[in-house]
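model_15.pdb follows; it contains PDB, C-alpha atoms and all ligand atoms.
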ATOM      1  CA  MET A   1      -0.494-107.894  74.891
ATOM      2  CA  ARG A   2       2.471-105.687  75.855
ATOM      3  CA  VAL A   3       5.751-106.919  74.402
ATOM      4  CA  GLY A   4       9.330-105.721  74.911
ATOM      5  CA  VAL A   5      12.330-106.561  72.725
ATOM      6  CA  ALA A   6      15.794-106.891  74.311
ATOM      7  CA  GLY A   7      18.611-106.487  71.772
ATOM      8  CA  CYS A   8      16.216-104.621  69.492
ATOM      9  CA  ALA A   9      18.937-103.254  67.162
ATOM     10  CA  GLY A  10      20.452-106.687  66.459
ATOM     11  CA  ARG A  11      19.812-108.752  63.316
ATOM     12  CA  MET A  12      17.031-110.675  65.068
ATOM     13  CA  GLY A  13      15.853-107.695  67.131
ATOM     14  CA  GLN A  14      15.110-105.622  64.036
ATOM     15  CA  MET A  15      13.331-108.545  62.365
ATOM     16  CA  LEU A  16      11.261-109.068  65.528
ATOM     17  CA  LEU A  17      10.187-105.425  65.700
ATOM     18  CA  LYS A  18       9.059-105.573  62.069
ATOM     19  CA  THR A  19       7.185-108.858  62.602
ATOM     20  CA  LEU A  20       5.543-107.735  65.874
ATOM     21  CA  ALA A  21       4.352-104.472  64.296
ATOM     22  CA  ALA A  22       2.060-106.515  62.040
ATOM     23  CA  VAL A  23       0.566-108.804  64.719
ATOM     24  CA  PRO A  24      -2.945-107.810  65.823
ATOM     25  CA  GLY A  25      -3.342-107.503  69.589
ATOM     26  CA  VAL A  26       0.375-106.999  70.185
ATOM     27  CA  LEU A  27       1.675-103.658  71.406
ATOM     28  CA  VAL A  28       5.430-103.127  71.448
ATOM     29  CA  VAL A  29       6.089-101.174  74.650
ATOM     30  CA  GLY A  30       9.871-100.938  74.567
ATOM     31  CA  GLY A  31      13.218-102.001  73.177
ATOM     32  CA  SER A  32      16.581-102.233  74.915
ATOM     33  CA  GLU A  33      20.176-102.281  73.752
ATOM     34  CA  ARG A  34      23.594-102.572  75.389
ATOM     35  CA  ARG A  35      25.179 -99.479  76.913
ATOM     36  CA  GLY A  36      27.057 -97.543  74.250
ATOM     37  CA  SER A  37      25.026 -98.965  71.364
ATOM     38  CA  PRO A  38      24.655 -96.406  68.540
ATOM     39  CA  ALA A  39      20.949 -97.338  68.432
ATOM     40  CA  LEU A  40      20.223 -95.792  71.883
ATOM     41  CA  GLY A  41      17.645 -93.003  71.542
ATOM     42  CA  MET A  42      16.498 -94.116  68.061
ATOM     43  CA  ASP A  43      12.789 -94.645  67.399
ATOM     44  CA  LEU A  44      11.951 -98.372  67.235
ATOM     45  CA  GLY A  45      10.216 -97.772  63.894
ATOM     46  CA  ALA A  46      13.537 -96.736  62.351
ATOM     47  CA  LEU A  47      14.957-100.143  63.328
ATOM     48  CA  ALA A  48      11.866-102.013  62.108
ATOM     49  CA  GLY A  49      11.757-100.091  58.824
ATOM     50  CA  THR A  50       8.162 -99.039  59.596
ATOM     51  CA  GLU A  51       6.282 -95.922  60.702
ATOM     52  CA  PRO A  52       7.638 -94.406  63.960
ATOM     53  CA  PHE A  53       6.554 -96.313  67.098
ATOM     54  CA  GLY A  54       6.916 -93.167  69.243
ATOM     55  CA  ILE A  55       9.200 -95.228  71.546
ATOM     56  CA  THR A  56      12.965 -94.893  71.714
ATOM     57  CA  VAL A  57      15.632 -97.501  72.429
ATOM     58  CA  GLY A  58      16.768 -97.553  76.079
ATOM     59  CA  ASP A  59      19.679 -99.249  77.843
ATOM     60  CA  ASP A  60      17.833-100.594  80.905
ATOM     61  CA  ALA A  61      16.256-103.969  80.182
ATOM     62  CA  SER A  62      14.705-104.108  83.676
ATOM     63  CA  VAL A  63      12.260-101.392  82.550
ATOM     64  CA  LEU A  64      11.098-103.688  79.736
ATOM     65  CA  PHE A  65      10.248-106.436  82.198
ATOM     66  CA  GLU A  66       8.370-103.980  84.418
ATOM     67  CA  ASN A  67       6.258-102.666  81.525
ATOM     68  CA  ALA A  68       5.680-105.749  79.360
ATOM     69  CA  ASP A  69       3.714-108.983  79.654
ATOM     70  CA  VAL A  70       6.395-110.746  77.598
ATOM     71  CA  VAL A  71       9.987-109.838  76.732
ATOM     72  CA  ILE A  72      11.710-111.397  73.712
ATOM     73  CA  ASP A  73      15.451-111.731  74.126
ATOM     74  CA  PHE A  74      17.915-112.388  71.286
ATOM     75  CA  THR A  75      21.038-110.810  72.831
ATOM     76  CA  ASN A  76      24.059-112.614  74.293
ATOM     77  CA  PRO A  77      24.431-115.224  77.065
ATOM     78  CA  SER A  78      25.501-112.909  79.921
ATOM     79  CA  ALA A  79      22.786-110.346  79.129
ATOM     80  CA  THR A  80      20.175-113.108  78.870
ATOM     81  CA  ALA A  81      21.134-114.604  82.253
ATOM     82  CA  GLN A  82      20.788-111.148  83.828
ATOM     83  CA  HIS A  83      17.448-110.578  82.067
ATOM     84  CA  ALA A  84      16.110-113.877  83.458
ATOM     85  CA  GLY A  85      16.610-112.353  86.918
ATOM     86  CA  TYR A  86      14.349-109.457  85.902
ATOM     87  CA  ALA A  87      11.745-111.980  84.699
ATOM     88  CA  ALA A  88      11.877-113.707  88.095
ATOM     89  CA  ARG A  89      11.481-110.372  89.899
ATOM     90  CA  THR A  90       8.545-109.094  87.813
ATOM     91  CA  GLY A  91       6.868-112.361  86.728
ATOM     92  CA  ALA A  92       6.856-111.199  83.086
ATOM     93  CA  ALA A  93       7.209-114.007  80.549
ATOM     94  CA  HIS A  94      10.658-114.299  78.960
ATOM     95  CA  VAL A  95      11.115-115.753  75.469
ATOM     96  CA  ILE A  96      14.816-116.536  74.989
ATOM     97  CA  GLY A  97      16.374-117.165  71.587
ATOM     98  CA  THR A  98      19.970-116.412  72.640
ATOM     99  CA  THR A  99      22.365-119.326  72.080
ATOM    100  CA  GLY A 100      25.722-120.262  73.594
ATOM    101  CA  LEU A 101      24.624-120.151  77.270
ATOM    102  CA  ASP A 102      27.075-121.997  79.553
ATOM    103  CA  SER A 103      25.888-124.311  82.335
ATOM    104  CA  GLU A 104      25.853-121.526  84.958
ATOM    105  CA  GLN A 105      23.781-119.297  82.686
ATOM    106  CA  VAL A 106      21.353-122.145  81.990
ATOM    107  CA  ALA A 107      21.141-122.711  85.767
ATOM    108  CA  ALA A 108      20.313-119.001  86.261
ATOM    109  CA  VAL A 109      17.531-119.251  83.654
ATOM    110  CA  THR A 110      16.237-122.467  85.235
ATOM    111  CA  ARG A 111      16.121-120.799  88.679
ATOM    112  CA  ALA A 112      14.272-117.796  87.236
ATOM    113  CA  ALA A 113      11.739-120.165  85.653
ATOM    114  CA  GLN A 114      10.500-121.030  89.155
ATOM    115  CA  ARG A 115       8.993-117.534  89.261
ATOM    116  CA  ALA A 116       8.179-116.697  85.621
ATOM    117  CA  PRO A 117       7.227-118.543  82.454
ATOM    118  CA  ILE A 118      10.381-118.826  80.308
ATOM    119  CA  VAL A 119      10.617-120.291  76.812
ATOM    120  CA  LEU A 120      14.228-121.235  76.013
ATOM    121  CA  ALA A 121      14.771-122.338  72.422
ATOM    122  CA  ALA A 122      18.036-122.270  70.483
ATOM    123  CA  ASN A 123      16.035-122.502  67.277
ATOM    124  CA  MET A 124      12.495-121.180  66.954
ATOM    125  CA  SER A 125      11.794-122.372  63.412
ATOM    126  CA  LEU A 126       9.115-124.957  62.748
ATOM    127  CA  GLY A 127      11.424-126.845  60.360
ATOM    128  CA  VAL A 128      14.288-127.337  62.813
ATOM    129  CA  ASN A 129      11.947-128.441  65.590
ATOM    130  CA  LEU A 130      10.512-130.996  63.170
ATOM    131  CA  LEU A 131      14.042-132.050  62.141
ATOM    132  CA  GLU A 132      14.884-132.638  65.800
ATOM    133  CA  GLN A 133      12.025-135.134  66.110
ATOM    134  CA  VAL A 134      13.030-136.870  62.874
ATOM    135  CA  VAL A 135      16.693-137.134  63.916
ATOM    136  CA  GLU A 136      15.733-138.701  67.254
ATOM    137  CA  GLN A 137      13.595-141.304  65.508
ATOM    138  CA  VAL A 138      16.215-142.122  62.858
ATOM    139  CA  ALA A 139      18.925-142.433  65.543
ATOM    140  CA  ARG A 140      16.661-144.786  67.485
ATOM    141  CA  ILE A 141      16.310-147.028  64.430
ATOM    142  CA  LEU A 142      19.945-147.057  63.228
ATOM    143  CA  ASP A 143      22.652-148.747  65.330
ATOM    144  CA  THR A 144      26.228-147.575  65.968
ATOM    145  CA  GLU A 145      27.390-149.083  62.657
ATOM    146  CA  TRP A 146      26.008-145.742  61.447
ATOM    147  CA  ASP A 147      28.321-142.842  62.282
ATOM    148  CA  VAL A 148      26.527-139.597  63.175
ATOM    149  CA  GLU A 149      28.074-136.280  62.096
ATOM    150  CA  ILE A 150      26.456-132.850  62.286
ATOM    151  CA  VAL A 151      27.574-130.108  59.914
ATOM    152  CA  GLU A 152      26.412-126.512  60.261
ATOM    153  CA  MET A 153      27.143-123.297  58.402
ATOM    154  CA  HIS A 154      26.374-119.725  59.509
ATOM    155  CA  HIS A 155      27.204-116.140  58.543
ATOM    156  CA  ARG A 156      30.587-114.677  59.391
ATOM    157  CA  HIS A 157      29.290-112.701  62.423
ATOM    158  CA  LYS A 158      28.166-115.698  64.475
ATOM    159  CA  VAL A 159      30.168-115.887  67.712
ATOM    160  CA  ASP A 160      29.421-119.366  69.135
ATOM    161  CA  ALA A 161      30.289-122.794  67.708
ATOM    162  CA  PRO A 162      28.960-125.397  67.242
ATOM    163  CA  SER A 163      25.644-123.596  66.837
ATOM    164  CA  GLY A 164      22.956-124.027  69.494
ATOM    165  CA  THR A 165      20.878-125.800  66.860
ATOM    166  CA  ALA A 166      23.674-128.258  66.017
ATOM    167  CA  LEU A 167      23.914-129.118  69.732
ATOM    168  CA  ILE A 168      20.136-129.608  69.936
ATOM    169  CA  LEU A 169      20.319-131.972  66.959
ATOM    170  CA  GLY A 170      23.224-133.791  68.649
ATOM    171  CA  GLU A 171      21.114-134.122  71.809
ATOM    172  CA  ALA A 172      18.279-135.547  69.706
ATOM    173  CA  ALA A 173      20.569-138.147  68.092
ATOM    174  CA  ALA A 174      22.024-139.046  71.510
ATOM    175  CA  ARG A 175      18.519-139.385  72.994
ATOM    176  CA  GLY A 176      17.553-141.685  70.134
ATOM    177  CA  ARG A 177      20.607-143.837  70.943
ATOM    178  CA  GLY A 178      19.954-143.744  74.674
ATOM    179  CA  VAL A 179      23.299-142.073  75.498
ATOM    180  CA  ALA A 180      24.303-138.724  77.016
ATOM    181  CA  LEU A 181      25.658-136.332  74.365
ATOM    182  CA  ARG A 182      28.447-135.078  76.658
ATOM    183  CA  ARG A 183      29.882-138.633  76.743
ATOM    184  CA  VAL A 184      29.972-139.098  72.959
ATOM    185  CA  ALA A 185      30.301-135.576  71.492
ATOM    186  CA  LYS A 186      33.367-134.787  69.358
ATOM    187  CA  ARG A 187      32.990-131.035  69.045
ATOM    188  CA  SER A 188      35.989-130.477  66.751
ATOM    189  CA  ARG A 189      38.894-132.331  65.128
ATOM    190  CA  ASP A 190      42.379-131.007  64.412
ATOM    191  CA  GLY A 191      45.721-132.769  63.889
ATOM    192  CA  GLN A 192      46.469-136.455  64.661
ATOM    193  CA  VAL A 193      43.077-137.293  66.151
ATOM    194  CA  GLY A 194      43.244-141.000  65.280
ATOM    195  CA  PRO A 195      40.468-143.094  63.781
ATOM    196  CA  ARG A 196      36.858-142.293  64.529
ATOM    197  CA  VAL A 197      35.617-143.758  67.810
ATOM    198  CA  LYS A 198      32.536-145.930  67.379
ATOM    199  CA  GLY A 199      29.404-144.250  68.705
ATOM    200  CA  GLU A 200      30.749-140.718  68.790
ATOM    201  CA  ILE A 201      28.639-137.848  67.491
ATOM    202  CA  GLY A 202      30.828-135.397  65.585
ATOM    203  CA  PHE A 203      30.356-131.698  64.862
ATOM    204  CA  ALA A 204      31.777-129.434  62.166
ATOM    205  CA  ALA A 205      31.128-125.667  62.060
ATOM    206  CA  LEU A 206      31.582-123.588  58.895
ATOM    207  CA  ARG A 207      31.434-119.777  58.936
ATOM    208  CA  GLY A 208      31.116-117.383  56.020
ATOM    209  CA  GLY A 209      29.110-114.864  54.059
ATOM    210  CA  ASP A 210      25.521-114.144  55.025
ATOM    211  CA  VAL A 211      24.288-117.731  55.534
ATOM    212  CA  VAL A 212      21.306-117.560  57.908
ATOM    213  CA  GLY A 213      21.699-121.171  59.088
ATOM    214  CA  ASP A 214      22.233-124.561  57.409
ATOM    215  CA  HIS A 215      22.256-127.832  59.360
ATOM    216  CA  THR A 216      22.803-131.371  58.104
ATOM    217  CA  VAL A 217      22.727-134.504  60.220
ATOM    218  CA  LEU A 218      24.613-137.310  58.468
ATOM    219  CA  PHE A 219      24.189-140.978  59.259
ATOM    220  CA  ALA A 220      27.062-142.758  57.460
ATOM    221  CA  ALA A 221      27.420-146.545  57.223
ATOM    222  CA  ASP A 222      29.485-148.802  54.947
ATOM    223  CA  GLY A 223      28.049-148.402  51.456
ATOM    224  CA  GLU A 224      25.297-145.902  52.212
ATOM    225  CA  ARG A 225      24.561-142.565  53.828
ATOM    226  CA  VAL A 226      21.424-140.800  55.026
ATOM    227  CA  GLU A 227      21.533-136.995  55.199
ATOM    228  CA  ILE A 228      18.808-134.877  56.767
ATOM    229  CA  THR A 229      19.093-131.160  56.064
ATOM    230  CA  HIS A 230      17.413-127.922  57.064
ATOM    231  CA  LYS A 231      18.291-124.624  55.394
ATOM    232  CA  ALA A 232      17.091-121.281  56.700
ATOM    233  CA  SER A 233      17.069-118.636  53.989
ATOM    234  CA  SER A 234      15.438-115.887  56.070
ATOM    235  CA  ARG A 235      15.472-114.819  59.740
ATOM    236  CA  GLU A 236      11.695-114.408  59.383
ATOM    237  CA  ILE A 237      11.245-118.080  60.292
ATOM    238  CA  PHE A 238      12.844-117.462  63.714
ATOM    239  CA  ALA A 239      10.844-114.266  64.238
ATOM    240  CA  ARG A 240       7.578-116.057  63.355
ATOM    241  CA  GLY A 241       8.436-118.810  65.855
ATOM    242  CA  ALA A 242       9.338-116.233  68.504
ATOM    243  CA  VAL A 243       5.978-114.476  68.017
ATOM    244  CA  LYS A 244       4.184-117.843  68.412
ATOM    245  CA  ALA A 245       6.156-118.335  71.636
ATOM    246  CA  VAL A 246       5.166-114.843  72.856
ATOM    247  CA  LEU A 247       1.458-115.451  72.242
ATOM    248  CA  TRP A 248       1.701-118.873  73.902
ATOM    249  CA  ALA A 249       3.781-117.833  76.942
ATOM    250  CA  ALA A 250       1.761-114.840  78.138
ATOM    251  CA  GLY A 251      -0.085-115.766  81.312
ATOM    252  CA  LYS A 252       1.358-119.307  81.549
ATOM    253  CA  PRO A 253       2.358-120.518  85.022
ATOM    254  CA  PRO A 254       6.050-120.242  85.891
ATOM    255  CA  GLY A 255       8.181-122.960  84.295
ATOM    256  CA  LEU A 256      10.896-123.636  81.756
ATOM    257  CA  TYR A 257       9.335-124.383  78.379
ATOM    258  CA  SER A 258      10.655-125.294  74.917
ATOM    259  CA  MET A 259       9.452-124.744  71.369
ATOM    260  CA  LYS A 260       7.994-128.242  71.488
ATOM    261  CA  ASP A 261       5.593-127.017  74.165
ATOM    262  CA  VAL A 262       4.782-123.963  72.049
ATOM    263  CA  LEU A 263       4.258-125.933  68.830
ATOM    264  CA  GLY A 264       2.453-128.800  70.572
ATOM    265  CA  PHE A 265       4.758-131.374  68.961
ATOM    266  CA  SER A 266       4.545-134.888  70.203
ATOM    267  CA  VAL A 267       5.863-137.669  68.045
ATOM    268  CA  ALA A 268       4.608-141.113  69.056
ATOM    269  CA  LYS A 269       7.393-143.133  70.656
ATOM    270  CA  PRO A 270       7.694-146.831  69.798
ATOM    271  CA  ALA A 271       5.859-148.970  72.360
ATOM    272  CA  ALA A 272       8.138-150.528  74.991
ATOM    273  CA  ASP A 273       8.494-154.332  74.751
TER
HETATM  274  P1  LIG A 301      23.266-109.538  66.900
HETATM  275  O1  LIG A 301      24.665-109.409  67.422
HETATM  276  O2  LIG A 301      22.934-108.971  65.562
HETATM  277  O3  LIG A 301      22.226-108.925  67.971
HETATM  278  C1  LIG A 301      22.377-109.003  69.360
HETATM  279  C2  LIG A 301      21.992-107.633  69.911
HETATM  280  O4  LIG A 301      21.932-107.688  71.330
HETATM  281  C3  LIG A 301      23.030-106.545  69.547
HETATM  282  O5  LIG A 301      22.376-105.455  68.931
HETATM  283  C4  LIG A 301      23.641-106.174  70.895
HETATM  284  O6  LIG A 301      24.050-104.826  70.955
HETATM  285  C5  LIG A 301      22.457-106.462  71.829
HETATM  286  N1  LIG A 301      22.859-106.578  73.233
HETATM  287  C6  LIG A 301      23.996-107.047  73.771
HETATM  288  N2  LIG A 301      23.971-106.929  75.112
HETATM  289  C7  LIG A 301      22.782-106.392  75.445
HETATM  290  C8  LIG A 301      22.159-106.017  76.679
HETATM  291  N3  LIG A 301      22.779-106.200  77.845
HETATM  292  N4  LIG A 301      20.908-105.478  76.635
HETATM  293  C9  LIG A 301      20.269-105.288  75.456
HETATM  294  N5  LIG A 301      20.819-105.597  74.243
HETATM  295  C10 LIG A 301      22.054-106.159  74.242
HETATM  296  O7  LIG A 301      22.953-111.106  66.917
HETATM  297  P2  LIG A 301      21.716-111.891  66.252
HETATM  298  O8  LIG A 301      22.156-112.507  64.969
HETATM  299  O9  LIG A 301      20.489-111.049  66.283
HETATM  300  O10 LIG A 301      21.589-113.089  67.276
HETATM  301  C11 LIG A 301      21.363-112.852  68.662
HETATM  302  C12 LIG A 301      21.321-114.189  69.398
HETATM  303  O11 LIG A 301      20.207-114.958  68.951
HETATM  304  C13 LIG A 301      22.553-115.073  69.167
HETATM  305  O12 LIG A 301      22.836-115.772  70.358
HETATM  306  C14 LIG A 301      22.088-116.022  68.077
HETATM  307  O13 LIG A 301      22.806-117.238  68.041
HETATM  308  C15 LIG A 301      20.660-116.235  68.487
HETATM  309  N6  LIG A 301      19.732-116.672  67.430
HETATM  310  C16 LIG A 301      18.768-117.564  67.819
HETATM  311  C17 LIG A 301      17.808-117.953  66.916
HETATM  312  C18 LIG A 301      16.695-118.866  67.409
HETATM  313  O14 LIG A 301      15.834-119.277  66.611
HETATM  314  N7  LIG A 301      16.646-119.152  68.705
HETATM  315  C19 LIG A 301      17.818-117.483  65.600
HETATM  316  C20 LIG A 301      18.810-116.568  65.243
HETATM  317  C21 LIG A 301      19.765-116.161  66.175
END
Show this structure as C-alpha cells.
Ligand code: NAD
Amino acid sequence: MRVGVAGCAGRMGQMLLKTLAAVPGVLVVGGSERRGSPALGMDLGALAGTEPFGITVGDDASVLFENADVVIDFTNPSATAQHAGYAARTGAAHVIGTTGLDSEQVAAVTRAAQRAPIVLAANMSLGVNLLEQVVEQVARILDTEWDVEIVEMHHRHKVDAPSGTALILGEAAARGRGVALRRVAKRSRDGQVGPRVKGEIGFAALRGGDVVGDHTVLFAADGERVEITHKASSREIFARGAVKAVLWAAGKPPGLYSMKDVLGFSVAKPAAD
C-alpha cells in the first residue's frame, strides 16, 4: 500500500513516518510540508530517525494524492481543507487527524467525501474513543442535577482550544443527554459570569510544558463527583490509530468515516421503552 504523509516534519508527521516504516506492506511514497519549511529537501528517513527513505520532502501535497493510495494529514485546518479537494480529485483515501476545523472546512471535507474515502478523527487513540462511548453512557444515566465539565491540558505549542478531543467528549455527553452541544456549551469563563446554568457543559483548557494530551470529564452533583480521565503519555498512540485508519480506509467506497468505523466500536444502546 502506497502511503503519503502531509505535514511530515511536524510532531505527528515525524512520529507517523517512524511508525509507518515498521509496518509490513506499507510503502511511504512521499511527504509534504508547507512552503518555506526548513524540512523541504530533507530525506524522510532523517525526519523519522531511521535509514534514508531515498525520498525528499516536497511542498506540493497534490503530488502525494496522485502517487499514494492513502494520505495521512496532521497539518492545519486550511491545509487540510485544501488537501481534501485533492482527495476528491484523485480518489485517494484521506486520513485526517488535524483538529480545529471550522464549519466551512468541515463542509469542504464532507463534500470531498462524496468522491473519496475520508476518515476524520480529532483523536485516533483507542483509549479516547473508548472514553467517548463511556461518557455518552454515563451522561445518559445521570440527570442534569449532575454538572458536566471537561478539563483538558496540552503542550505549550497547541494552537486550538478547547481541544478537538474535548469537543468530541462534549458532543458525547450532549448526545447522552439528548441535547445539541452548541446549545449548552460554555467554552470559557472569565469575569462576572454569574452562577452556573443548569444543563450547561463547560470547558477549561490548560496549556503548558510538553503534555501530550490529558482529558477529564467531570460529573459533579451535591455530595459526590465522578471523574473519567484519559492521559496520553506518547504520540505513538495517535500514530498507531492513524496507521489502523490507513489500513482500513484503503479501497473503501467514498464516504466520511470516523475512528469508530475503523475500530468497529458499537456499544449497545439501552432498549427503547
Ligand atoms: P505540528 O505543528 O508539529 O505539525 C504540523 C505540520 O504541518 C508542520 O510541520 C507544518 O509545517 C505542516 N504544514 C502546515 N501547512 C502545511 C501544508 N500546506 N502542507 C504540508 N504541511 C503543512 O503539529 P502537530 O502537533 O503534529 O499536530 C498537527 C495537527 O494534528 C494539529 O491540528 C493537532 O491538534 C492534531 N493532532 C491530532 C491528533 C489525533 O489523534 N487526531 C493527535 C495529535 C495531534
Show me which residues sit within 7 Å of ligand LIG 301 (chain A) when counting only C-alpha atoms and all ligand atoms, and put them as an mmCIF file with C-alpha atoms, in the frame of the given file.
data_model
loop_
_atom_site.group_PDB
_atom_site.id
_atom_site.type_symbol
_atom_site.label_atom_id
_atom_site.label_comp_id
_atom_site.auth_asym_id
_atom_site.auth_seq_id
_atom_site.Cartn_x
_atom_site.Cartn_y
_atom_site.Cartn_z
ATOM 1 C CA ALA A 6 15.794 -106.891 74.311
ATOM 2 C CA GLY A 7 18.611 -106.487 71.772
ATOM 3 C CA CYS A 8 16.216 -104.621 69.492
ATOM 4 C CA ALA A 9 18.937 -103.254 67.162
ATOM 5 C CA GLY A 10 20.452 -106.687 66.459
ATOM 6 C CA ARG A 11 19.812 -108.752 63.316
ATOM 7 C CA MET A 12 17.031 -110.675 65.068
ATOM 8 C CA GLY A 13 15.853 -107.695 67.131
ATOM 9 C CA SER A 32 16.581 -102.233 74.915
ATOM 10 C CA GLU A 33 20.176 -102.281 73.752
ATOM 11 C CA ARG A 34 23.594 -102.572 75.389
ATOM 12 C CA SER A 37 25.026 -98.965 71.364
ATOM 13 C CA ASP A 59 19.679 -99.249 77.843
ATOM 14 C CA ALA A 61 16.256 -103.969 80.182
ATOM 15 C CA PHE A 74 17.915 -112.388 71.286
ATOM 16 C CA THR A 75 21.038 -110.810 72.831
ATOM 17 C CA ASN A 76 24.059 -112.614 74.293
ATOM 18 C CA PRO A 77 24.431 -115.224 77.065
ATOM 19 C CA ALA A 79 22.786 -110.346 79.129
ATOM 20 C CA GLY A 97 16.374 -117.165 71.587
ATOM 21 C CA THR A 98 19.970 -116.412 72.640
ATOM 22 C CA THR A 99 22.365 -119.326 72.080
ATOM 23 C CA GLY A 100 25.722 -120.262 73.594
ATOM 24 C CA ALA A 121 14.771 -122.338 72.422
ATOM 25 C CA ALA A 122 18.036 -122.270 70.483
ATOM 26 C CA ASN A 123 16.035 -122.502 67.277
ATOM 27 C CA MET A 124 12.495 -121.180 66.954
ATOM 28 C CA SER A 125 11.794 -122.372 63.412
ATOM 29 C CA LYS A 158 28.166 -115.698 64.475
ATOM 30 C CA GLY A 164 22.956 -124.027 69.494
ATOM 31 C CA ARG A 235 15.472 -114.819 59.740
ATOM 32 C CA PHE A 238 12.844 -117.462 63.714
#
Smallest atom-to-atom distance to Gly255 of chain A: which of A:Ser233, A:Thr80, A:Ser103, A:Thr110, using all atoms listed in the file?
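Once distances to Gly255 of chain A are computed over all atoms listed in the file, the minimum belongs to A:Thr110.
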Out of A:Val119, A:Val197, A:Val184, A:Val243, which residue has the shortest atom-to-atom distance to Val5 of chain A when counting only C-alpha atoms?
A:Val243
Go through A:Met153, A:Ala239, A:Leu167, A:Val159 one by one, measure the shortest atom-to-atom distance of each to Gly209 of chain A using only C-alpha atoms, and give the residue with the smallest value.
A:Met153
Which residue out of A:Pro254, A:Gly127, A:Gly170, A:Gly223 has the minimum interatomic distance to Glu200 of chain A when only C-alpha atoms are used?
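Of all the options, A:Gly170 lies closest to Glu200 of chain A.
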For atom CA of Gly176 of chain A and atom CA of Arg140 of chain A, the interatomic separation in Å (one decimal)
4.2 Å
Among listed residues A:Met1, A:Leu218, A:Leu131, A:Val246, nearest Thr165 of chain A (using all atoms listed in the file)
A:Leu131
Expected selection from the PyMOL selection byres (((chain A and resi 45) around 10) and not hetatm), given as a list of chain:residue names
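Here the PyMOL selection byres (((chain A and resi 45) around 10) and not hetatm) matches A:Gln14, A:Leu17, A:Lys18, A:Ala21, A:Met42, A:Asp43, A:Leu44, A:Ala46, A:Leu47, A:Ala48, A:Gly49, A:Thr50, A:Glu51, A:Pro52, A:Phe53, A:Gly54, A:Ile55, A:Thr56.
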Quick one: residues within 8 Å of Gly251 of chain A, all atoms listed in the file counted, chain neighbours fewer than 5 positions away excluded, as a list in words?
Asp69, Ala93 and Pro117 of chain A
Measure the distance from atom CA of Leu101 of chain A to atom CA of Asp160 of chain A in Å and round it to one decimal.
9.5 Å
Could you tell me how far atom CA of Gly213 of chain A lies from atom CA of Ile150 of chain A, in Å and to one decimal?
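Going from atom CA of Gly213 of chain A over to atom CA of Ile150 of chain A covers 13.0 Å.
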Check what the PyMOL selection byres (((chain A and resi 64) around 12) and not hetatm) selects in the file above and give those residues as a VMD selection string.
chain A and resid 2 to 8 28 to 33 55 57 to 63 65 to 73 83 to 84 86 to 87 90 to 94
Residues at most 9 Å from Ile228 of chain A, counting all atoms listed in the file, excluding those fewer than 6 positions away in the same chain, as a ChimeraX atom specification?
/A:131,134-135,215-219
Nearest to Asp214 of chain A, chosen from A:Asp190, A:Glu227, A:Asp261, A:Glu152, with all atoms listed in the file counted in the distances:
A:Glu152
Report the residues retrieved by the PyMOL selection byres (((chain A and resi 141) around 12) and not hetatm) from the displayed file, expressed as a PyMOL selection string.
chain A and resi 134-140+142-146+173+175-178+219+269-270
